[in-house]
Each structure stands twice: as structure tokens, then as C-alpha cells.
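**Student:** Contents of data.tsv (TSV, C-alpha atoms):
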```tsv
chain	number	residue	atom	x	y	z
A	457	MET	CA	137.91	155.63	-94.09
A	458	ASN	CA	137.47	153.42	-91.09
A	459	LEU	CA	134.37	151.88	-89.54
A	460	GLY	CA	133.69	154.57	-86.95
A	461	PHE	CA	133.57	157.31	-89.61
A	462	LEU	CA	131.14	155.30	-91.77
A	463	ILE	CA	128.88	154.66	-88.77
A	464	GLY	CA	128.91	158.40	-87.99
A	465	VAL	CA	127.95	159.28	-91.57
A	466	LEU	CA	125.12	156.70	-91.42
A	467	GLY	CA	123.89	158.21	-88.12
A	468	VAL	CA	123.86	161.73	-89.57
A	469	LEU	CA	121.95	160.48	-92.64
A	470	ILE	CA	119.35	158.78	-90.42
A	471	LEU	CA	118.99	161.98	-88.38
A	472	SER	CA	118.48	164.10	-91.50
A	473	HIS	CA	115.88	161.63	-92.75
A	474	ALA	CA	114.11	161.91	-89.40
A	475	ALA	CA	114.14	165.70	-89.70
A	476	TYR	CA	112.69	165.46	-93.22
A	477	SER	CA	109.94	163.11	-91.98
A	478	THR	CA	109.06	165.59	-89.24
A	479	ILE	CA	108.81	168.40	-91.81
A	480	GLN	CA	106.39	166.27	-93.86
A	481	TYR	CA	104.41	165.39	-90.73
A	482	ARG	CA	104.04	169.07	-89.90
A	483	GLY	CA	102.81	169.72	-93.43
A	484	LEU	CA	100.20	167.00	-92.93
A	485	LEU	CA	99.13	168.57	-89.63
A	486	LYS	CA	98.78	171.93	-91.35
A	487	ILE	CA	96.35	170.39	-93.87
A	488	THR	CA	94.26	168.59	-91.23
A	489	GLU	CA	94.51	171.63	-88.92
A	490	GLU	CA	95.68	169.79	-85.80
A	491	GLU	CA	98.14	170.87	-83.12
A	492	PHE	CA	101.70	169.51	-83.02
A	493	SER	CA	102.20	167.60	-79.78
A	494	GLY	CA	105.28	165.55	-80.64
A	495	PRO	CA	106.95	163.73	-83.51
A	496	PRO	CA	105.42	160.42	-84.65
A	497	LEU	CA	106.70	157.10	-83.36
A	498	ASN	CA	108.83	156.14	-86.38
A	499	VAL	CA	110.64	159.49	-86.17
A	500	VAL	CA	111.36	158.90	-82.48
A	501	LEU	CA	112.72	155.45	-83.30
A	502	GLU	CA	114.91	156.92	-86.06
A	503	LEU	CA	116.21	159.57	-83.66
A	504	ILE	CA	117.13	156.96	-81.06
A	505	ILE	CA	118.93	154.81	-83.65
A	506	GLY	CA	120.74	157.85	-85.03
A	507	LEU	CA	121.81	158.95	-81.55
A	508	ALA	CA	123.11	155.46	-80.77
A	509	LEU	CA	125.12	155.32	-84.03
A	510	CYS	CA	126.55	158.81	-83.50
A	511	MET	CA	127.43	157.94	-79.90
A	512	TRP	CA	129.31	154.90	-81.18
A	513	ALA	CA	131.12	157.01	-83.78
A	514	ALA	CA	132.00	159.76	-81.30
A	515	LEU	CA	133.47	157.25	-78.87
A	516	THR	CA	135.51	155.29	-81.42
A	517	PHE	CA	136.52	157.71	-84.20
A	518	PRO	CA	138.60	160.46	-82.44
A	519	GLY	CA	141.35	158.03	-81.48
A	520	LYS	CA	142.56	155.87	-78.66
A	521	PHE	CA	143.48	156.94	-75.14
A	522	LEU	CA	147.21	156.70	-74.53
A	523	SER	CA	148.58	155.73	-71.16
A	524	ILE	CA	150.22	158.55	-69.22
A	525	HIS	CA	152.21	156.32	-66.87
A	526	PRO	CA	155.93	156.51	-67.65
A	527	ASP	CA	156.41	152.83	-66.82
A	528	SER	CA	153.58	151.38	-68.90
A	529	ASP	CA	154.34	149.12	-71.84
A	530	GLU	CA	153.74	151.69	-74.61
A	531	ASN	CA	155.86	154.43	-73.04
A	532	ARG	CA	158.92	152.34	-72.28
A	533	ALA	CA	162.00	153.09	-74.38
A	534	VAL	CA	163.10	149.77	-75.80
A	535	SER	CA	165.69	150.87	-78.39
A	536	LEU	CA	169.31	151.46	-77.55
A	537	PRO	CA	171.42	153.94	-79.52
A	538	ASP	CA	173.13	152.39	-82.53
A	539	ASN	CA	176.67	153.34	-81.51
A	540	SER	CA	176.65	151.53	-78.16
A	541	ASP	CA	179.53	149.31	-79.40
A	542	PHE	CA	181.78	152.36	-79.55
A	543	MET	CA	181.00	153.70	-76.07
A	544	ILE	CA	183.91	153.30	-73.65
A	545	PHE	CA	183.52	153.99	-69.96
A	546	ASN	CA	186.74	152.42	-68.72
A	547	HIS	CA	189.01	155.35	-69.49
A	548	ARG	CA	191.21	157.71	-67.48
A	549	GLY	CA	188.40	160.24	-66.97
A	550	ARG	CA	186.80	158.07	-64.29
A	551	LEU	CA	189.69	158.87	-61.91
A	552	PHE	CA	188.58	162.49	-61.67
A	553	PRO	CA	185.44	163.12	-59.62
A	554	PRO	CA	182.62	164.82	-61.55
A	555	GLN	CA	182.53	168.56	-61.02
A	556	ILE	CA	178.78	168.85	-61.46
A	557	ASP	CA	176.97	169.64	-58.22
A	558	MET	CA	174.28	166.98	-58.21
A	559	LYS	CA	171.02	167.96	-56.61
A	560	PHE	CA	169.89	164.61	-55.24
B	1121	MET	CA	169.37	157.78	-43.89
B	1122	GLY	CA	165.64	158.00	-43.30
B	1123	SER	CA	165.57	161.79	-43.54
B	1124	SER	CA	167.56	161.85	-46.80
B	1125	GLU	CA	165.20	159.27	-48.29
B	1126	LYS	CA	162.25	161.40	-47.30
B	1127	GLY	CA	163.87	164.50	-48.85
B	1128	SER	CA	164.44	162.76	-52.16
B	1129	LYS	CA	160.83	161.57	-52.08
B	1130	ASP	CA	159.63	165.17	-51.67
B	1131	VAL	CA	161.69	166.24	-54.68
B	1132	MET	CA	160.32	163.35	-56.70
B	1133	SER	CA	156.71	164.21	-55.85
B	1134	ASP	CA	157.20	167.72	-57.24
B	1135	ILE	CA	158.15	166.40	-60.66
B	1136	PRO	CA	155.16	165.38	-62.80
B	1137	THR	CA	155.48	161.65	-63.22
B	1138	PHE	CA	153.24	161.24	-66.24
B	1139	SER	CA	153.59	161.82	-69.96
B	1140	VAL	CA	152.16	165.26	-70.77
B	1141	GLU	CA	151.96	164.60	-74.51
B	1142	ASN	CA	149.78	161.55	-74.01
B	1143	LEU	CA	147.59	163.46	-71.55
B	1144	GLN	CA	147.06	166.22	-74.12
B	1145	ASN	CA	146.22	163.60	-76.75
B	1146	ASN	CA	143.60	162.10	-74.41
B	1147	LEU	CA	142.10	165.52	-73.70
B	1148	LYS	CA	141.86	166.21	-77.43
B	1149	VAL	CA	140.03	162.91	-77.93
B	1150	ILE	CA	137.53	163.87	-75.21
B	1151	GLN	CA	137.07	167.34	-76.69
B	1152	ASN	CA	136.31	165.93	-80.14
B	1153	SER	CA	133.81	163.41	-78.76
B	1154	ARG	CA	131.97	166.06	-76.77
B	1155	THR	CA	131.85	168.59	-79.61
B	1156	PHE	CA	130.44	166.05	-82.07
B	1157	LEU	CA	127.89	164.72	-79.61
B	1158	SER	CA	126.70	168.18	-78.58
B	1159	ILE	CA	126.05	168.99	-82.24
B	1160	ILE	CA	124.11	165.73	-82.61
B	1161	ALA	CA	122.19	166.45	-79.39
B	1162	GLY	CA	121.31	169.90	-80.74
B	1163	VAL	CA	119.90	168.43	-83.94
B	1164	LEU	CA	117.88	165.91	-81.92
B	1165	ALA	CA	116.45	168.55	-79.59
B	1166	GLY	CA	115.50	170.70	-82.58
B	1167	VAL	CA	113.78	167.86	-84.43
B	1168	ILE	CA	111.83	166.70	-81.37
B	1169	GLY	CA	110.83	170.32	-80.78
B	1170	PHE	CA	112.10	171.04	-77.30
B	1171	THR	CA	111.77	174.62	-76.14
B	1172	GLY	CA	113.06	176.39	-73.06
B	1173	LEU	CA	114.48	174.53	-70.12
B	1174	THR	CA	113.64	171.07	-71.48
B	1175	GLY	CA	116.33	171.41	-74.14
B	1176	PHE	CA	119.03	172.18	-71.59
B	1177	VAL	CA	117.92	169.22	-69.46
B	1178	PHE	CA	118.21	167.11	-72.64
B	1179	TYR	CA	121.76	168.41	-73.15
B	1180	PHE	CA	122.69	167.46	-69.59
B	1181	VAL	CA	121.27	163.96	-70.07
B	1182	VAL	CA	123.20	163.43	-73.33
B	1183	MET	CA	126.43	164.70	-71.76
B	1184	LEU	CA	125.89	162.37	-68.81
B	1185	ILE	CA	125.56	159.43	-71.22
B	1186	THR	CA	128.71	160.66	-73.00
B	1187	SER	CA	130.62	160.78	-69.72
B	1188	VAL	CA	129.61	157.21	-68.96
B	1189	GLY	CA	130.69	156.19	-72.46
B	1190	LEU	CA	134.06	157.91	-72.08
B	1191	MET	CA	134.58	156.22	-68.73
B	1192	ALA	CA	133.79	152.88	-70.34
B	1193	LYS	CA	136.27	153.73	-73.12
B	1194	ALA	CA	138.92	154.40	-70.46
B	1195	GLY	CA	138.11	151.03	-68.92
B	1196	PHE	CA	136.84	152.70	-65.70
B	1197	SER	CA	140.46	153.34	-64.64
B	1198	ALA	CA	140.93	157.09	-65.09
B	1199	ASP	CA	144.27	157.30	-63.30
B	1200	LEU	CA	145.83	155.35	-66.17
B	1201	TYR	CA	144.85	157.97	-68.77
B	1202	PHE	CA	144.05	161.23	-66.89
B	1203	ASP	CA	145.29	163.09	-63.86
B	1204	SER	CA	141.80	163.30	-62.36
B	1205	TRP	CA	138.23	162.13	-62.94
B	1206	ASN	CA	137.07	165.72	-63.44
B	1207	ARG	CA	138.81	165.70	-66.83
B	1208	VAL	CA	136.46	162.98	-68.05
B	1209	LEU	CA	133.36	164.50	-66.49
B	1210	PHE	CA	133.64	168.22	-67.22
B	1211	ASP	CA	136.15	168.85	-70.00
B	1212	GLY	CA	134.57	170.56	-73.00
B	1213	PHE	CA	131.19	170.96	-71.29
B	1214	LEU	CA	130.68	174.70	-71.77
B	1215	GLY	CA	132.16	174.79	-75.27
B	1216	GLY	CA	129.79	172.01	-76.24
B	1217	LEU	CA	126.86	173.97	-74.81
B	1218	MET	CA	127.50	176.77	-77.30
B	1219	SER	CA	127.42	174.47	-80.35
B	1220	PHE	CA	124.41	172.68	-78.82
B	1221	VAL	CA	122.39	175.92	-78.69
B	1222	LEU	CA	123.49	176.84	-82.21
B	1223	PHE	CA	122.38	173.56	-83.77
B	1224	TRP	CA	119.27	173.35	-81.56
B	1225	THR	CA	117.93	176.66	-82.88
B	1226	PHE	CA	119.06	175.78	-86.41
B	1227	ALA	CA	117.21	172.45	-86.49
B	1228	TYR	CA	114.17	173.87	-84.72
B	1229	ASP	CA	113.89	176.69	-87.27
B	1230	LEU	CA	114.38	174.28	-90.15
B	1231	VAL	CA	111.79	171.74	-88.99
B	1232	HIS	CA	109.14	173.69	-87.09
B	1233	ILE	CA	109.13	177.25	-88.37
B	1234	PHE	CA	109.86	177.16	-92.09
```
Translate the structure described by the file into C-alpha cells.

**Tutor:**
Amino acid sequence: MNLGFLIGVLGVLILSHAAYSTIQYRGLLKITEEEFSGPPLNVVLELIIGLALCMWAALTFPGKFLSIHPDSDENRAVSLPDNSDFMIFNHRGRLFPPQIDMKF
Amino acid sequence: MGSSEKGSKDVMSDIPTFSVENLQNNLKVIQNSRTFLSIIAGVLAGVIGFTGLTGFVFYFVVMLITSVGLMAKAGFSADLYFDSWNRVLFDGFLGGLMSFVLFWTFAYDLVHIF
């Protein structure tokens, strides 16, 4: 497992802990009979940290972007066929013009 | 000479001059990022307790941040990795909305109702 996956797992754990804290906070509010106006500050902080970690994981884990240009470094074909020593072009066939009707 | 050069240029512009396999790989990466982040955004909206339109505004904000992140991942040069900027901005937006609503209601039920 690589780093991005571990960071994503950590973010999901932090988020679930934040959800659990909110459940407990709502239980507390039920006892004191107050209205829920928003989650407490430490839950908000946990949510922000969890979102940041998951954002990091989502941007790094799925893989790298590959260049779509045919002439970029990664897409260039650098290997020649292995039998290039046995290819002969200087033979009698070159006297006859090719019969294929080339388009351009 | 000039006309024949122009004709060959027209033929060349019809042929796609980019690697389709790599483009599909990039689109898959974007799709995965957006799906994961819309699930996470749904859980966040449910835990905070958003209801109604506020949750959808939250989704738009998170997807905007995601778009900026994806642009930064592409090094702010989209023509190197995609055929247009719209791919980065809008791909997987509606599909993510579905999983966002699913996990939003799930987390909201779990935290605030039960």
C-alpha cells in the first residue's frame, strides 16, 4: 500500500470519529434539552482535517496523468525491432514502382 | 506546391493527433477522484447537518476545490493531458452528485435522526 492510500484511510477514520463525536454531542443536547445549532468546534476542526487528507488522497492515489502528445518523451518509440540486421532494402524489388495508390 | 501542402495539412488535421489510450487513462483518474471526493463531501454535509439547498451549494464548493486541485495536478497545462479544459471541470459531475446525495442522507440519518 502506498502513501496516498494510507492518508485516505486516515482521513476516513478521522471523519468517522467526527461523526461519532457529533452523535455524542447530540445525546448531551438531548439531556440538557437544548436545540442543535451546529457541531462543536473540535468536530469542525476534525472535519476540515479529514477533508484535507481525503483531498490529498483523491488527488494522488488514482494514478498519474499521462501525456497525450504523440511526440512527448513517454510516448516516443525508442526500441527498434530485433531483426533489423536481416532487413535488406537494396534488392531487385526497388526497380518496380509500388502498385499501392498512396493517398497523400 | 502551396495548394498541395495545404491539402495535406487538411488531411492531417482530420486525424486525431493524440494518444487516445492515455486520454482515457486520464479521464479514469479524474472520474475516480471525483467519485471519492463526492462521497467524502456527502459524509461531511451529513455530519455538519446541512439540509436543503445548503448541501448542494456545499457540493458545488467541494467540486470547485477538486477542479482546482486537478488543474494543479495537471500542472495548469491541460492541453498536454486533455483535449479540452471542460474535461477537467465537468467530467463526472452528475455521477458524483448521485453518490453525494446518497451519502449525505446516510450520514445525516446516522448522526442526527437515530

**Student:** Residues of chain B that have any atom at most 8 Å from an atom of chain A: could you tabulate them with the shortest-distance atom pair and the distance in Å to one decimal, using all atoms listed in the file, ordered by chain and increasing number, as a tab-separated table?

**Tutor:**
```
residue	atom	partner	partner_atom	distance
B:Ser1128	CA	A:Phe560	CA	6.5
B:Thr1137	CA	A:Pro526	CA	6.8
B:Phe1138	CA	A:Ile524	CA	5.0
B:Ser1139	CA	A:Ile524	CA	4.8
B:Val1140	CA	A:Ile524	CA	7.2
B:Asn1142	CA	A:Leu522	CA	5.5
B:Leu1143	CA	A:Ile524	CA	6.0
B:Asn1145	CA	A:Leu522	CA	7.3
B:Asn1146	CA	A:Phe521	CA	5.2
B:Val1149	CA	A:Pro518	CA	5.3
B:Asn1152	CA	A:Pro518	CA	6.4
B:Ser1153	CA	A:Ala514	CA	4.8
B:Arg1154	CA	A:Ala514	CA	7.8
B:Phe1156	CA	A:Ala514	CA	6.5
B:Leu1157	CA	A:Ala514	CA	6.7
B:Ile1160	CA	A:Leu507	CA	7.2
B:Ala1161	CA	A:Leu507	CA	7.8
B:Val1163	CA	A:Leu471	CA	7.9
B:Leu1164	CA	A:Leu503	CA	6.8
B:Val1167	CA	A:Ala475	CA	5.7
B:Ile1168	CA	A:Pro495	CA	6.1
B:Gly1169	CA	A:Gly494	CA	7.3
B:Thr1186	CA	A:Met511	CA	7.5
B:Gly1189	CA	A:Leu515	CA	7.1
B:Leu1190	CA	A:Leu515	CA	6.8
B:Lys1193	CA	A:Leu515	CA	7.3
B:Ala1194	CA	A:Phe521	CA	7.0
B:Leu1200	CA	A:Ser523	CA	5.7
B:Tyr1201	CA	A:Ser523	CA	5.0
B:Phe1202	CA	A:Ile524	CA	7.1
B:Val1231	CA	A:Ile479	CA	5.3
B:His1232	CA	A:Ile479	CA	7.1
```

**Student:** What does the distance between atom CA of Ala1198 of chain B and atom CA of Gly1162 of chain B come to in Å, to one decimal place?

**Tutor:**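 Interatomic distance, atom CA of Ala1198 of chain B to atom CA of Gly1162 of chain B: 28.2 Å.
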
**Student:** Which residue is closest to Leu1173 of chain B? Choose from B:Trp1205, B:Phe1196, B:Val1221, B:Ser1187 and count all atoms listed in the file.

**Tutor:** B:Val1221

**Student:** May I ask for the distance between atom CA of Gly1172 of chain B and atom CA of Val1208 of chain B, given in Å to one decimal place?

**Tutor:** 27.4 Å

**Student:** With 6 Å added on each side, what axis-aligned box encloses every listed atom of segment 462-479 of chain A? Give the centre and edge lengths in Å to one decimal, as AutoDock Vina command-line options.

**Tutor:**
```
--center_x 120.0 --center_y 161.5 --center_z -90.6 --size_x 34.3 --size_y 25.7 --size_z 17.2
```

**Student:** Which distance in Å separates atom CA of Gln1144 of chain B and atom CA of Ala1192 of chain B, to one decimal?

**Tutor:**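 Computed distance, atom CA of Gln1144 of chain B to atom CA of Ala1192 of chain B, equals 19.2 Å.
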
**Student:** Which of these, A:Arg532, A:Phe545, A:Ala508, A:Ser540, has the shortest distance to Ile1185 of chain B once you count only C-alpha atoms?

**Tutor:**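 Of A:Arg532, A:Phe545, A:Ala508, A:Ser540, the one nearest Ile1185 of chain B is A:Ala508, counting only C-alpha atoms.
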
**Student:** Go through B:Asp1211, B:Asp1229, B:Glu1141, B:Asp1203 one by one, measure the shortest atom-to-atom distance of each to Ala1165 of chain B using only C-alpha atoms, and give the residue with the smallest value.

**Tutor:** B:Asp1229
